[in-house]
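One file, final.csv, carrying CSV, C-alpha atoms:
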```
chain,number,residue,atom,x,y,z
U,13,MET,CA,12.7,8.0,-5.8
U,14,ILE,CA,13.4,7.3,-2.1
U,15,ALA,CA,13.4,10.4,0.0
U,16,GLU,CA,15.8,10.9,2.8
U,17,SER,CA,13.3,13.2,4.6
U,18,LEU,CA,9.6,13.8,4.3
U,19,ILE,CA,8.0,17.2,4.3
U,20,ILE,CA,4.5,17.4,5.7
U,21,PRO,CA,2.5,20.6,5.8
U,22,GLN,CA,1.5,21.4,9.4
U,23,HIS,CA,-2.3,21.2,8.7
U,24,ILE,CA,-1.9,17.7,7.1
U,25,PHE,CA,0.2,16.6,10.1
U,26,ASN,CA,-2.5,17.9,12.4
U,27,GLU,CA,-5.2,16.1,10.4
U,28,MET,CA,-3.2,12.9,10.6
U,29,LEU,CA,-2.9,13.2,14.4
U,30,ALA,CA,-6.6,14.0,14.7
U,31,HIS,CA,-7.5,10.9,12.7
U,32,CYS,CA,-5.3,8.7,14.9
U,33,LYS,CA,-6.8,10.2,18.1
U,34,ALA,CA,-10.3,9.7,16.7
U,35,GLY,CA,-9.6,6.0,16.2
U,36,TYR,CA,-8.2,5.5,19.7
U,37,PRO,CA,-8.1,3.0,21.4
U,38,ASN,CA,-8.0,1.2,18.0
U,39,GLU,CA,-5.3,1.6,15.5
U,40,ALA,CA,-6.0,4.2,12.8
U,41,CYS,CA,-4.4,4.4,9.3
U,42,GLY,CA,-4.2,6.4,6.1
U,43,ILE,CA,-2.1,7.5,3.1
U,44,LEU,CA,-0.2,10.6,2.5
U,45,ALA,CA,0.2,11.6,-1.2
U,46,GLY,CA,2.5,14.0,-2.8
U,47,ARG,CA,5.5,14.3,-5.0
U,48,ASN,CA,9.3,14.2,-4.5
U,49,GLY,CA,9.1,13.6,-0.7
U,50,GLU,CA,6.7,16.4,-0.1
U,51,VAL,CA,3.1,15.6,1.1
U,52,SER,CA,0.2,17.6,-0.4
U,53,LYS,CA,-2.8,15.4,0.4
U,54,ILE,CA,-4.0,13.1,3.2
U,55,TYR,CA,-6.4,10.2,2.8
U,56,ARG,CA,-7.9,9.2,6.1
U,57,MET,CA,-8.7,5.5,5.7
U,58,ALA,CA,-10.7,2.9,7.7
U,59,ASN,CA,-9.0,0.2,9.6
U,60,ILE,CA,-11.1,-2.8,8.7
U,61,GLU,CA,-9.5,-4.8,11.6
U,62,ASN,CA,-11.1,-2.5,14.2
U,63,SER,CA,-8.3,-3.5,16.5
U,64,PRO,CA,-6.0,-1.9,19.0
U,65,VAL,CA,-3.1,-3.9,17.8
U,66,THR,CA,-3.5,-4.4,14.0
U,67,TYR,CA,-4.6,-2.5,11.0
U,68,MET,CA,-5.5,-3.2,7.4
U,69,LEU,CA,-6.8,-0.8,4.8
U,70,ASP,CA,-10.1,-1.6,3.2
U,71,SER,CA,-8.9,-3.0,-0.2
U,72,ARG,CA,-11.7,-1.3,-2.1
U,73,GLU,CA,-11.0,2.1,-0.5
U,74,GLN,CA,-7.3,1.6,-1.1
U,75,PHE,CA,-8.0,0.8,-4.8
U,76,LYS,CA,-10.1,4.0,-5.1
U,77,VAL,CA,-7.4,6.1,-3.5
U,78,MET,CA,-4.7,4.7,-5.7
U,79,LYS,CA,-6.8,5.6,-8.7
U,80,ASP,CA,-7.4,9.1,-7.3
U,81,MET,CA,-3.7,9.6,-6.8
U,82,ARG,CA,-2.9,8.5,-10.4
U,83,GLU,CA,-5.6,10.8,-11.8
U,84,ASN,CA,-4.1,13.7,-9.8
U,85,ASN,CA,-0.5,12.9,-10.8
U,86,LEU,CA,0.4,12.2,-7.1
U,87,SER,CA,2.4,9.4,-5.6
U,88,MET,CA,1.9,7.5,-2.4
U,89,VAL,CA,4.8,9.0,-0.4
U,90,ALA,CA,3.8,7.7,3.1
U,91,ILE,CA,1.6,5.2,4.8
U,92,PHE,CA,0.7,6.1,8.4
U,93,HIS,CA,-0.8,4.1,11.3
U,94,SER,CA,-1.1,4.6,15.0
U,95,HIS,CA,0.3,2.5,17.8
U,96,PRO,CA,-2.2,3.3,20.6
U,97,SER,CA,-0.2,1.7,23.4
U,98,SER,CA,3.3,1.1,22.1
U,99,ALA,CA,6.3,3.1,20.8
U,100,ALA,CA,6.7,4.8,17.5
U,101,TYR,CA,8.8,2.0,16.0
U,102,PRO,CA,7.9,-0.7,13.4
U,103,SER,CA,6.7,-4.0,14.9
U,104,ALA,CA,7.7,-7.3,13.5
U,105,LYS,CA,4.3,-7.4,11.8
U,106,ASP,CA,4.9,-3.9,10.3
U,107,VAL,CA,8.2,-5.0,8.9
U,108,SER,CA,6.9,-8.3,7.4
U,109,LEU,CA,4.0,-6.5,5.7
U,110,ALA,CA,5.9,-3.5,4.4
U,111,PHE,CA,5.5,-4.1,0.7
U,112,TYR,CA,5.8,-0.5,-0.4
U,113,GLU,CA,9.5,0.0,0.0
U,114,GLU,CA,9.6,3.4,-1.7
U,115,CYS,CA,7.1,4.8,0.9
U,116,VAL,CA,7.8,6.2,4.3
U,117,TYR,CA,6.0,4.3,7.0
U,118,ILE,CA,4.9,6.7,9.6
U,119,ILE,CA,4.0,5.5,13.1
U,120,VAL,CA,2.0,7.7,15.5
U,121,SER,CA,2.4,6.5,19.0
U,122,LEU,CA,-0.3,7.5,21.4
U,123,MET,CA,1.1,5.8,24.5
U,124,GLU,CA,2.2,9.0,26.1
U,125,LYS,CA,0.3,12.2,26.8
U,126,GLU,CA,1.8,13.8,23.7
U,127,PRO,CA,1.8,11.8,20.4
U,128,VAL,CA,5.2,10.8,19.1
U,129,VAL,CA,5.5,10.6,15.3
U,130,LYS,CA,8.3,9.0,13.5
U,131,GLY,CA,8.9,8.0,9.9
U,132,PHE,CA,10.8,4.9,8.6
U,133,LEU,CA,11.9,3.3,5.4
U,134,ILE,CA,11.5,-0.5,5.6
U,135,ARG,CA,13.4,-2.3,3.0
U,136,GLU,CA,14.1,-6.0,3.0
U,137,GLY,CA,13.6,-6.2,6.7
U,138,ASN,CA,15.9,-3.2,7.4
U,139,ILE,CA,14.5,-0.3,9.3
U,140,GLU,CA,15.9,3.2,8.7
U,141,GLU,CA,14.4,6.2,10.4
U,142,ILE,CA,14.1,9.3,8.3
U,143,LYS,CA,13.5,12.9,9.2
U,144,ILE,CA,10.0,14.4,9.2
U,145,ILE,CA,10.0,18.1,8.4
U,146,LEU,CA,6.9,20.2,9.2
U,147,LYS,CA,6.3,23.3,7.2
T,14,MET,CA,-6.1,-5.2,-28.3
T,15,ALA,CA,-4.6,-6.9,-25.3
T,16,VAL,CA,-5.3,-6.9,-21.6
T,17,LYS,CA,-3.7,-4.0,-19.7
T,18,VAL,CA,-2.0,-5.0,-16.4
T,19,ARG,CA,-1.2,-2.3,-13.9
T,20,ILE,CA,1.9,-3.2,-11.9
T,21,PRO,CA,2.3,-1.8,-8.4
T,22,THR,CA,5.5,0.1,-7.5
T,23,PRO,CA,6.9,-2.8,-5.3
T,24,LEU,CA,6.9,-5.1,-8.4
T,25,GLN,CA,8.0,-2.6,-11.0
T,26,ARG,CA,11.7,-3.6,-10.6
T,27,LEU,CA,10.6,-6.9,-12.1
T,28,THR,CA,9.0,-5.1,-15.1
T,29,GLN,CA,12.0,-2.9,-15.8
T,30,GLY,CA,10.2,0.0,-14.2
T,31,LYS,CA,7.1,-0.3,-16.3
T,32,GLU,CA,3.8,0.7,-14.5
T,33,GLU,CA,1.7,-1.0,-17.2
T,34,VAL,CA,2.3,-4.1,-19.2
T,35,GLU,CA,0.2,-6.1,-21.6
T,36,SER,CA,-0.9,-9.7,-21.4
T,37,LYS,CA,-3.3,-12.1,-23.1
T,38,ALA,CA,-6.9,-12.8,-22.6
T,39,GLY,CA,-7.7,-15.9,-20.5
T,40,THR,CA,-8.1,-16.2,-16.8
T,41,VAL,CA,-6.4,-14.3,-14.0
T,42,ILE,CA,-4.1,-17.2,-13.1
T,43,GLU,CA,-3.2,-17.7,-16.8
T,44,LEU,CA,-2.4,-14.0,-17.0
T,45,ILE,CA,-0.1,-14.3,-13.9
T,46,ASN,CA,1.7,-17.2,-15.5
T,47,ASP,CA,2.0,-15.3,-18.8
T,48,LEU,CA,3.6,-12.4,-17.0
T,49,GLU,CA,6.1,-14.8,-15.4
T,50,THR,CA,7.4,-15.9,-18.8
T,51,ARG,CA,8.4,-12.3,-19.5
T,52,TYR,CA,9.1,-11.0,-16.0
T,53,PRO,CA,10.6,-13.9,-14.1
T,54,GLY,CA,9.9,-13.8,-10.4
T,55,ILE,CA,6.7,-11.9,-10.6
T,56,ALA,CA,4.3,-14.8,-10.3
T,57,GLU,CA,5.6,-15.9,-6.9
T,58,ARG,CA,5.2,-12.3,-5.6
T,59,ILE,CA,1.5,-12.4,-6.6
T,60,SER,CA,0.5,-16.0,-6.1
T,61,GLU,CA,1.5,-19.2,-4.4
T,62,GLY,CA,0.4,-22.7,-5.5
T,63,GLY,CA,-2.0,-21.2,-8.1
T,64,LYS,CA,-3.8,-19.0,-5.5
T,65,VAL,CA,-3.4,-15.2,-5.2
T,66,ARG,CA,-1.6,-14.4,-2.0
T,67,ARG,CA,-3.5,-13.2,1.0
T,68,PHE,CA,-2.0,-9.8,1.1
T,69,VAL,CA,-2.3,-9.1,-2.6
T,70,ASN,CA,-5.5,-7.8,-4.1
T,71,VAL,CA,-6.2,-8.3,-7.8
T,72,TYR,CA,-8.9,-6.3,-9.7
T,73,VAL,CA,-10.4,-6.9,-13.1
T,74,ASN,CA,-11.5,-3.4,-14.1
T,75,GLU,CA,-13.1,-2.1,-10.9
T,76,GLU,CA,-13.9,-5.4,-9.3
T,77,ASP,CA,-12.0,-7.4,-6.7
T,78,ILE,CA,-11.6,-11.0,-8.1
T,79,ARG,CA,-12.5,-12.4,-4.7
T,80,PHE,CA,-16.0,-11.2,-5.5
T,81,LEU,CA,-15.8,-12.7,-9.0
T,82,GLN,CA,-14.4,-16.1,-9.8
T,83,ALA,CA,-11.1,-15.6,-8.0
T,84,GLU,CA,-8.1,-17.0,-9.9
T,85,GLN,CA,-10.5,-18.3,-12.6
T,86,THR,CA,-12.0,-14.9,-13.3
T,87,PRO,CA,-12.0,-14.4,-17.1
T,88,VAL,CA,-10.1,-11.5,-18.6
T,89,LYS,CA,-10.7,-10.4,-22.1
T,90,ASP,CA,-9.1,-8.0,-24.5
T,91,GLY,CA,-9.6,-4.4,-23.4
T,92,ASP,CA,-9.9,-5.3,-19.7
T,93,GLU,CA,-7.6,-3.7,-17.1
T,94,VAL,CA,-6.1,-5.8,-14.4
T,95,SER,CA,-4.7,-4.1,-11.3
T,96,ILE,CA,-2.4,-5.9,-8.9
T,97,VAL,CA,-2.5,-4.1,-5.5
T,98,PRO,CA,-0.5,-5.3,-2.5
T,99,ALA,CA,-2.4,-4.8,0.8
T,100,ILE,CA,-1.4,-2.1,3.3
T,101,ALA,CA,-1.4,-3.7,6.7
T,102,GLY,CA,0.5,-4.1,9.9
T,103,GLY,CA,0.1,-3.4,13.5
T,104,SER,CA,1.7,-3.0,16.9
T,105,ASN,CA,1.4,-6.6,18.1
```

I'd like the structure from this file rewritten - as structure tokens, please.
Amino acid sequence: MIAESLIIPQHIFNEMLAHCKAGYPNEACGILAGRNGEVSKIYRMANIENSPVTYMLDSREQFKVMKDMRENNLSMVAIFHSHPSSAAYPSAKDVSLAFYEECVYIIVSLMEKEPVVKGFLIREGNIEEIKIILK
Amino acid sequence: MAVKVRIPTPLQRLTQGKEEVESKAGTVIELINDLETRYPGIAERISEGGKVRRFVNVYVNEEDIRFLQAEQTPVKDGDEVSIVPAIAGGSN
């Protein structure tokens, strides 16, 4: 099911921001798991690219997380990564590598003093912003 | 017994929504070609010219085939093959 909005508990949202800030100036990344468009678990992942402009999850770590989600009856509802020095909007690279069309792609921009967080559905090259609701 | 193949969500529309399908023992590339006979279009999403695509990871049981024998990795009855598209991108 593709959600029109994404609900994130405040403490998970804060953990996501902390992970992105900790990775600065490189991009940081991770997975948010849950059910029916509501997040209940965060997986902070390594960026094997160690780069300020690209990210890739460690495939082995990703495989383990997918197994963990399956065993806990959770779905991957969002994939997040940071843009340390650009806006919270998918880049051409983000769009071309957005294989998980049912997931929300969250981008955390750290270019301003306060982080800007936005969520997008990226399907067949089309970008649609969705609402992130904190609870 | 057959080989169990775990299909990632982006490819489940090609398997009529099935998360798991079965295939025959052989090698990884033979398994991909076997899937294509029942689920047309799936092979080109996983591989190109007989090679697994760069942004797709294939596991036999718990092991990435890149650390085994790549596309020629043998799969036998009872094995579990997982197809896992990479998660990547970036601001550049």

Original post:
region 71-87 of chain T: which residues within 8 Å, counting only C-alpha atoms, same-chain residues fewer than 6 positions away excluded, as a ChimeraX atom specification?
Top reply: /U:72 /T:38-42,63-65,93-97

Would you give me, as a short mmCIF file (atom, residue, chain, number, x, y, z; two decimals) with C-alpha atoms, keeping the file's coordinate frame, the residues of chain T that come within 7 Å of chain U, using only C-alpha atoms?
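File selection-v3.cif, as written:
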```cif
data_model
loop_
_atom_site.label_atom_id
_atom_site.label_comp_id
_atom_site.auth_asym_id
_atom_site.auth_seq_id
_atom_site.Cartn_x
_atom_site.Cartn_y
_atom_site.Cartn_z
CA PRO T 23 6.90 -2.80 -5.30
CA PRO T 98 -0.50 -5.30 -2.50
CA ALA T 99 -2.40 -4.80 0.80
CA ILE T 100 -1.40 -2.10 3.30
CA ALA T 101 -1.40 -3.70 6.70
CA GLY T 102 0.50 -4.10 9.90
CA GLY T 103 0.10 -3.40 13.50
CA SER T 104 1.70 -3.00 16.90
CA ASN T 105 1.40 -6.60 18.10
#
```

Subject >> Nearest-residue call for Asn70 (chain T), choices U:Glu83, U:Glu126, U:Glu141, U:Glu73, using only C-alpha atoms >> reply: U:Glu73

**OP:** May I ask which of the residues U:Ala30, U:Phe25, U:Ile145, U:Asn48 is the closest one to Leu122 (chain U), counting only C-alpha atoms?
**Re:** U:Ala30

Subject >> Å distance separating CA of Lys130 (chain U) from CA of Ala58 (chain U), one decimal place >> reply: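 These two atoms are separated by 20.8 Å.
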
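With distances restricted to only C-alpha atoms, U:Gly49 is the closest residue to Leu86 (chain U) from U:Gly137, U:Gly49, U:Pro21, U:Pro37.
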
Extract, using only C-alpha atoms, all DNA, RNA and protein residues at most 8 Å from Tyr52 (chain T), discarding same-chain residues fewer than 4 positions from it, and format them as a PDB file with C-alpha atoms, in the frame of the given file.
```pdb
ATOM      1  CA  LEU T  27      10.600  -6.900 -12.100  1.00  0.00           C
ATOM      2  CA  THR T  28       9.000  -5.100 -15.100  1.00  0.00           C
ATOM      3  CA  LEU T  48       3.600 -12.400 -17.000  1.00  0.00           C
TER       4      LEU T  48
END
```

**OP:** Select, counting all atoms listed in the file, all protein, DNA and RNA residues no farther than 7 Å from (10.3, 0.1, 7.3) in file coordinates, and express the selection as a count of residues only.
**Re:** 11

**OP:** For Gly91 (chain T), work out the shell of residues within 9 Å, counting only C-alpha atoms and skipping chain neighbours fewer than 4 positions away, then give it as number ranges by chain.
**Re:** T: 14-17, 38

With 4 Å on each side, where is the centre of the axis-aligned box around all listed atoms of region 45-59 of chain U, and how long are its edges in Å to one decimal, as AutoDock Vina command-line options?
```
--center_x -0.7 --center_y 8.9 --center_z 2.3 --size_x 28.0 --size_y 25.4 --size_z 22.6
```

**OP:** Please indicate the distance in Å from CA of Val51 (chain U) to CA of Ile20 (chain U), rounded to one decimal place.
**Re:** 5.1 Å

Complete region 25-59 of chain T at the level of N, CA and C atoms, written as a compact mmCIF listing (two decimals), in the coordinates of the input.
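Output contents, as saved in part_4.txt:
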```
# COMPACT_ATOMS: atom_id res chain seq x y z
N GLN T 25 7.57 -3.18 -9.76
CA GLN T 25 8.00 -2.60 -11.00
C GLN T 25 9.50 -2.85 -11.32
N ARG T 26 10.25 -3.23 -10.28
CA ARG T 26 11.70 -3.60 -10.60
C ARG T 26 11.74 -4.88 -11.38
N LEU T 27 10.67 -5.66 -11.31
CA LEU T 27 10.60 -6.90 -12.10
C LEU T 27 10.15 -6.64 -13.52
N THR T 28 9.55 -5.47 -13.76
CA THR T 28 9.00 -5.10 -15.10
C THR T 28 9.85 -4.01 -15.73
N GLN T 29 11.09 -3.93 -15.34
CA GLN T 29 12.00 -2.90 -15.80
C GLN T 29 11.39 -1.49 -15.66
N GLY T 30 10.74 -1.30 -14.52
CA GLY T 30 10.20 0.00 -14.20
C GLY T 30 8.87 0.35 -14.83
N LYS T 31 8.32 -0.59 -15.59
CA LYS T 31 7.10 -0.30 -16.30
C LYS T 31 5.86 -0.34 -15.30
N GLU T 32 5.02 0.68 -15.37
CA GLU T 32 3.80 0.70 -14.50
C GLU T 32 2.69 -0.09 -15.18
N GLU T 33 2.76 -0.22 -16.48
CA GLU T 33 1.70 -1.00 -17.20
C GLU T 33 2.38 -1.91 -18.17
N VAL T 34 1.87 -3.13 -18.21
CA VAL T 34 2.30 -4.10 -19.20
C VAL T 34 1.12 -4.70 -19.86
N GLU T 35 1.34 -5.48 -20.88
CA GLU T 35 0.20 -6.10 -21.60
C GLU T 35 0.28 -7.62 -21.37
N SER T 36 -0.88 -8.24 -21.42
CA SER T 36 -0.90 -9.70 -21.40
C SER T 36 -2.07 -10.17 -22.25
N LYS T 37 -2.26 -11.51 -22.21
CA LYS T 37 -3.30 -12.10 -23.10
C LYS T 37 -4.56 -12.37 -22.37
N ALA T 38 -5.62 -12.42 -23.12
CA ALA T 38 -6.90 -12.80 -22.60
C ALA T 38 -6.84 -14.24 -22.06
N GLY T 39 -7.68 -14.57 -21.10
CA GLY T 39 -7.70 -15.90 -20.50
C GLY T 39 -8.33 -15.83 -19.15
N THR T 40 -7.64 -16.40 -18.16
CA THR T 40 -8.10 -16.20 -16.80
C THR T 40 -7.02 -15.48 -16.01
N VAL T 41 -7.36 -15.06 -14.79
CA VAL T 41 -6.40 -14.30 -14.00
C VAL T 41 -5.13 -15.15 -13.74
N ILE T 42 -5.30 -16.42 -13.42
CA ILE T 42 -4.10 -17.20 -13.10
C ILE T 42 -3.27 -17.44 -14.38
N GLU T 43 -3.94 -17.56 -15.53
CA GLU T 43 -3.20 -17.70 -16.80
C GLU T 43 -2.42 -16.39 -17.09
N LEU T 44 -3.05 -15.28 -16.76
CA LEU T 44 -2.40 -14.00 -17.00
C LEU T 44 -1.15 -13.87 -16.08
N ILE T 45 -1.27 -14.31 -14.83
CA ILE T 45 -0.10 -14.30 -13.90
C ILE T 45 1.02 -15.14 -14.47
N ASN T 46 0.65 -16.32 -14.95
CA ASN T 46 1.70 -17.20 -15.50
C ASN T 46 2.29 -16.66 -16.79
N ASP T 47 1.47 -15.94 -17.56
CA ASP T 47 2.00 -15.30 -18.80
C ASP T 47 2.99 -14.20 -18.42
N LEU T 48 2.67 -13.43 -17.38
CA LEU T 48 3.60 -12.40 -17.00
C LEU T 48 4.95 -12.99 -16.55
N GLU T 49 4.87 -14.16 -15.88
CA GLU T 49 6.10 -14.80 -15.40
C GLU T 49 7.04 -15.16 -16.55
N THR T 50 6.49 -15.49 -17.72
CA THR T 50 7.40 -15.90 -18.80
C THR T 50 8.21 -14.65 -19.30
N ARG T 51 7.68 -13.45 -19.12
CA ARG T 51 8.40 -12.30 -19.50
C ARG T 51 9.11 -11.55 -18.38
N TYR T 52 8.55 -11.70 -17.18
CA TYR T 52 9.10 -11.00 -16.00
C TYR T 52 9.33 -12.03 -14.90
N PRO T 53 10.39 -12.80 -15.02
CA PRO T 53 10.60 -13.90 -14.10
C PRO T 53 10.64 -13.40 -12.62
N GLY T 54 9.96 -14.16 -11.77
CA GLY T 54 9.90 -13.80 -10.40
C GLY T 54 8.62 -13.13 -9.96
N ILE T 55 7.87 -12.65 -10.96
CA ILE T 55 6.70 -11.90 -10.60
C ILE T 55 5.54 -12.76 -10.10
N ALA T 56 5.43 -13.96 -10.65
CA ALA T 56 4.30 -14.80 -10.30
C ALA T 56 4.34 -15.17 -8.79
N GLU T 57 5.52 -15.49 -8.28
CA GLU T 57 5.60 -15.90 -6.90
C GLU T 57 5.33 -14.72 -5.92
N ARG T 58 5.49 -13.49 -6.43
CA ARG T 58 5.20 -12.30 -5.60
C ARG T 58 3.66 -12.12 -5.52
N ILE T 59 2.95 -12.61 -6.53
CA ILE T 59 1.50 -12.40 -6.60
C ILE T 59 0.73 -13.59 -6.08
```
